[in-house]
Every structure is written in C-alpha cells, then in structure tokens.
Amino acid sequence: MNNNLNQDLVVGLDAGGTRTRAVLASAHDGLPQGEGIGGPGNALTVPVPELTDHLAEAVAQAVPEPLRARVGAVAGGFAGASRTAADEPGRLRAQSALSAALGRLGIPAVSVEIYSDIEAAFASAPGFPADGLALVAGTGAVAARITGRRCTATAGGDGWLLGDDGSGFWIGRSAVRAALRMADGRGGPTLLAASVGRELGLPAEVLPYGDQEWTREQREVYRMHVLPAVMARPPVQLARFAPLVVEAAGDKDAVAEAIFQEAADRLTDTLCALDPYPGERIVVTGGLIEPLLPLLTDRLPEFTIDQVADGCPGAVALARPGRRR
C-alpha cells in the first residue's frame, strides 16, 4: 500500500482456463465487499487483448466506480503464469493485461502482483498456509510444492496436448473415446454414447436408446455425426464432457466409473511425484475436485487434505498489506 489512507480496499483475482473471478475486499480484515466474473484468464492461451477484456469485465463488476480510487493493491492468481523468473512469458502477459485493465477502469493500485493460480489456491486454505502441496484438477491438472507461498516444484500441468492427466479435458476426451469405442465395437456398452451425442446436439434418431438393438448401420451413422461435431470445436472444449462422466458414474455405469477411477489414479501419481511426506498438508481445488475428493482421500489416507473453491481468498490475502512477498 502507499500512504494514502483512503486506499483501504484490495482486489484478488482467480484467472483460470474457464473463467476469471474477481473479489473486492477490505485491506484491513479481508472481508469481501464485491464480486465479478469474466471470461477465461489463462495467461498463455488467451491473447493479451482478450485477456485484458476478461479481467476488466470481472474487476468492473466487483468494484463499483465510486470505490475504484480506494483500491490500493491487486493480486491475481493466473493459470499459465509463474513467478520462477521475472521474464517468464505467462507472468509478463498477465502483468500487461492486468495493468491495462486497471488503467481502463481508472483503478490507481500501486501494488499489482502476479501469482500462479496454484499459489493463490494454496493461500486460500484456512490459516493462510505458507508450505505444503497443492493439486488443481479443473480443465487442466497440475500439482505443486509450495515453499514460503511460492511454487518451488511442479508435476503435470503440461497442457491438453501433452499432459494434464486426470483433468477435465482428460476425462472429457475419455468420455468421447468411450462413446466411439462402443459405436465401433471395441468397447462395452455405456450411457456415455447417448449423453455425448446429446451434448453434441446429434439427432435423436442416431443415438442408442435403452436396450434397443443398435445396428451396425446405426453405429456408423452415429460415428459419422460425432467425429465432425467434435472436430469443429477447439480441442480444450472436450473438458465440457467431464460432467457427463460424473453423472454416468453416479448411475453406476461401469465404463464411466473406470474412467473416474483412472483419473483419480493419475492425479494421485502426479501429486506423489513431488515426494509428499506423511501428514503433509495438501490443498486441492478445481471444478472436478468435489466428485474426485472421496477417491483421492482413499488413495491418500495419511495426508491432511483441505478443499478450496478457488484462488480468490488467497489472492485477497496476498494483496493485503504485510502479506505480499
């Protein structure tokens, strides 16, 4: 903060692969006073002009115009950003976009700090912890060791093309693969064939229906509809099919249950690559953590696991005076 006593507010941002969330809070006690939502905030995959728009949208909703002059500090946790080096590309892109967004809104914050989304998520856990492990399972998936509130080692997080095992993308892609395998005879029956088809907007007559026989001709027609519908979308949008696996697994669909179990195995492997020690604190977050948490807890019985909704509380804490590092 500066010496202007009127700058008694801070903003914390959680900028992820699906959305950007901003929270306005008191610099004194961190209590929220406003919230806003914007578009995707991955600093590496979203072009800077578009990222600027998404950040400005979220912050404008969170901070009413009469309060903007009172914002003295902003901290953002960004997917695709890192504090490993001052010239790290994601960090530079996030800094540029956030500075432009704040300038557009007339917010005079003198402290604007960029963190990774995983650092902000870890800081969101009760007690504002400084050390431990974090696991993010959303559109992507990554584990990190946090030391002094900084990420000092990571596993996974290599993006949809090369990694992100167990992520929403991985699960969603597995759902479509299972549907195609059922259609061509390589895989067993699964509710996912029908639900994937409905999600893609396929005509009802090409979908498998209950116990009705699905002829070879119908299977071919199904595949001919699915493939172009999937290819017409950006690959990362396969993450949107992940909830279908959660739903089908809840209905005891064996194929969906197997996908979910393997996702939990892969996330556990990612976390264990960082050599956790028994009793070490693990903070988990992401859109898929809620349904995956029981499976992860079964696989990690000797650890204390805290679930957080997102990185906004941590970003607010990191923005408050005396807590920035």
# chains A, B, ... in the order shown; residues from 1 in each chain; ligands from 1
call {"tool": "residues_around", "arguments": {"residues": "stretch 282-285 of chain A", "least_positions_apart": "2", "cutoff": "10 Å", "atoms": "only C-alpha atoms", "output": "ChimeraX atom specification"}}
result
/A:118,121-126,129,131-138,141,143-146,271,276,279-280,287-290,293,296,300,303-311
call {"tool": "residues_around", "arguments": {"residues": "A:Gly80", "least_positions_apart": "6", "cutoff": "9 Å", "atoms": "only C-alpha atoms", "output": "ChimeraX atom specification"}}
result
/A:16-17,41-45,89-91,94,116-117
call {"tool": "closest_residue", "arguments": {"among": "A:Leu162, A:Val226, A:Ala97, A:Leu9", "to": "A:Leu180", "atoms": "only C-alpha atoms"}}
result
A:Val226
call {"tool": "residues_around", "arguments": {"residues": "stretch 163-168 of chain A", "least_positions_apart": "2", "cutoff": "6 Å", "atoms": "only C-alpha atoms", "output": "list in words"}}
result
Ala137, Gly138, Thr139, Gly140, Ala141, Gly156, Gly157, Asp158, Gly159, Trp160, Trp170, Ile171, Gly172, Ala239, Ala242, Ala263, Arg266 and Leu267 of chain A
call {"tool": "select_by_dssp", "arguments": {"residues": "stretch 92-263 of chain A", "states": "alpha helix (DSSP H)", "output": "number ranges by chain"}}
result
A: 92-105, 117-123, 159-162, 168-184, 192-199, 216-231, 242-250, 254-263
call {"tool": "atom_distance", "arguments": {"atom1": "atom CA of A:Phe260", "atom2": "atom CA of A:Ala81"}}
result
28.4 Å
call {"tool": "select_by_dssp", "arguments": {"residues": "stretch 252-303 of chain A", "states": "strand (DSSP E)", "output": "list in words"}}
result
Arg281, Ile282, Val283, Val284 and Thr285 of chain A
call {"tool": "residues_around", "arguments": {"residues": "A:Ala273", "least_positions_apart": "5", "cutoff": "9 Å", "atoms": "only C-alpha atoms", "output": "ChimeraX atom specification"}}
result
/A:143,154-155,268
call {"tool": "write_last_selection", "arguments": {"atoms": "N, CA and C atoms", "output": "short mmCIF file (atom, residue, chain, number, x, y, z; two decimals), in the first residue's frame"}}
result
data_model
loop_
_atom_site.label_atom_id
_atom_site.label_comp_id
_atom_site.auth_asym_id
_atom_site.auth_seq_id
_atom_site.Cartn_x
_atom_site.Cartn_y
_atom_site.Cartn_z
N ALA A 143 0.12 -30.43 -10.07
CA ALA A 143 0.45 -30.45 -8.64
C ALA A 143 1.68 -29.59 -8.43
N THR A 154 6.92 -28.45 -9.63
CA THR A 154 5.62 -28.83 -10.17
C THR A 154 5.69 -30.22 -10.81
N ALA A 155 4.54 -30.84 -10.94
CA ALA A 155 4.39 -32.09 -11.69
C ALA A 155 3.09 -31.98 -12.48
N THR A 268 -3.33 -38.79 -8.37
CA THR A 268 -2.53 -39.24 -7.24
C THR A 268 -1.08 -39.42 -7.65
#
call {"tool": "residues_around", "arguments": {"residues": "A:Ile37", "least_positions_apart": "2", "cutoff": "12 Å", "atoms": "only C-alpha atoms", "output": "PyMOL selection string"}}
result
chain A and resi 13-16+18-24+34-35+39-41+53-63+312
call {"tool": "closest_residue", "arguments": {"among": "A:Leu238, A:Ala256, A:Ala101, A:Leu161", "to": "A:Gly187", "atoms": "only C-alpha atoms"}}
result
A:Ala256
call {"tool": "decode", "arguments": {"residues": "stretch 26-43 of chain A", "atoms": "N, CA and C atoms", "output": "PDB file, in the first residue's frame"}}
result
ATOM      1  N   SER A  26     -11.846  -5.704   1.978  1.00  0.00           N
ATOM      2  CA  SER A  26     -11.210  -4.744   2.869  1.00  0.00           C
ATOM      3  C   SER A  26      -9.743  -5.090   3.051  1.00  0.00           C
ATOM      4  N   ALA A  27      -8.880  -4.098   2.959  1.00  0.00           N
ATOM      5  CA  ALA A  27      -7.462  -4.328   3.201  1.00  0.00           C
ATOM      6  C   ALA A  27      -7.204  -4.635   4.671  1.00  0.00           C
ATOM      7  N   HIS A  28      -8.095  -4.206   5.538  1.00  0.00           N
ATOM      8  CA  HIS A  28      -7.901  -4.385   6.978  1.00  0.00           C
ATOM      9  C   HIS A  28      -8.161  -5.817   7.423  1.00  0.00           C
ATOM     10  N   ASP A  29      -9.300  -6.373   7.028  1.00  0.00           N
ATOM     11  CA  ASP A  29      -9.671  -7.703   7.527  1.00  0.00           C
ATOM     12  C   ASP A  29      -9.930  -8.728   6.424  1.00  0.00           C
ATOM     13  N   GLY A  30      -9.847  -8.327   5.164  1.00  0.00           N
ATOM     14  CA  GLY A  30     -10.032  -9.258   4.062  1.00  0.00           C
ATOM     15  C   GLY A  30     -11.468  -9.644   3.778  1.00  0.00           C
ATOM     16  N   LEU A  31     -12.433  -9.021   4.438  1.00  0.00           N
ATOM     17  CA  LEU A  31     -13.833  -9.391   4.223  1.00  0.00           C
ATOM     18  C   LEU A  31     -14.300  -8.938   2.843  1.00  0.00           C
ATOM     19  N   PRO A  32     -14.959  -9.822   2.084  1.00  0.00           N
ATOM     20  CA  PRO A  32     -15.399  -9.477   0.723  1.00  0.00           C
ATOM     21  C   PRO A  32     -16.434  -8.367   0.724  1.00  0.00           C
ATOM     22  N   GLN A  33     -16.364  -7.518  -0.305  1.00  0.00           N
ATOM     23  CA  GLN A  33     -17.322  -6.436  -0.464  1.00  0.00           C
ATOM     24  C   GLN A  33     -17.909  -6.369  -1.866  1.00  0.00           C
ATOM     25  N   GLY A  34     -17.420  -7.214  -2.763  1.00  0.00           N
ATOM     26  CA  GLY A  34     -17.940  -7.224  -4.121  1.00  0.00           C
ATOM     27  C   GLY A  34     -17.335  -8.375  -4.901  1.00  0.00           C
ATOM     28  N   GLU A  35     -18.012  -8.794  -5.966  1.00  0.00           N
ATOM     29  CA  GLU A  35     -17.535  -9.929  -6.759  1.00  0.00           C
ATOM     30  C   GLU A  35     -17.909  -9.727  -8.215  1.00  0.00           C
ATOM     31  N   GLY A  36     -17.036 -10.218  -9.104  1.00  0.00           N
ATOM     32  CA  GLY A  36     -17.320 -10.139 -10.522  1.00  0.00           C
ATOM     33  C   GLY A  36     -16.776 -11.349 -11.252  1.00  0.00           C
ATOM     34  N   ILE A  37     -17.368 -11.639 -12.410  1.00  0.00           N
ATOM     35  CA  ILE A  37     -16.975 -12.804 -13.223  1.00  0.00           C
ATOM     36  C   ILE A  37     -16.685 -12.338 -14.644  1.00  0.00           C
ATOM     37  N   GLY A  38     -15.607 -12.865 -15.227  1.00  0.00           N
ATOM     38  CA  GLY A  38     -15.269 -12.584 -16.608  1.00  0.00           C
ATOM     39  C   GLY A  38     -14.898 -13.863 -17.333  1.00  0.00           C
ATOM     40  N   GLY A  39     -14.434 -13.724 -18.561  1.00  0.00           N
ATOM     41  CA  GLY A  39     -14.090 -14.867 -19.385  1.00  0.00           C
ATOM     42  C   GLY A  39     -12.786 -15.510 -18.980  1.00  0.00           C
ATOM     43  N   PRO A  40     -12.318 -16.490 -19.759  1.00  0.00           N
ATOM     44  CA  PRO A  40     -11.101 -17.252 -19.426  1.00  0.00           C
ATOM     45  C   PRO A  40      -9.888 -16.360 -19.183  1.00  0.00           C
ATOM     46  N   GLY A  41      -9.013 -16.816 -18.240  1.00  0.00           N
ATOM     47  CA  GLY A  41      -7.887 -15.986 -17.849  1.00  0.00           C
ATOM     48  C   GLY A  41      -6.539 -16.669 -17.930  1.00  0.00           C
ATOM     49  N   ASN A  42      -6.419 -17.741 -18.718  1.00  0.00           N
ATOM     50  CA  ASN A  42      -5.122 -18.394 -18.844  1.00  0.00           C
ATOM     51  C   ASN A  42      -4.164 -17.459 -19.568  1.00  0.00           C
ATOM     52  N   ALA A  43      -3.060 -17.101 -18.894  1.00  0.00           N
ATOM     53  CA  ALA A  43      -2.159 -16.079 -19.412  1.00  0.00           C
ATOM     54  C   ALA A  43      -1.368 -16.540 -20.626  1.00  0.00           C
TER      55      ALA A  43
END
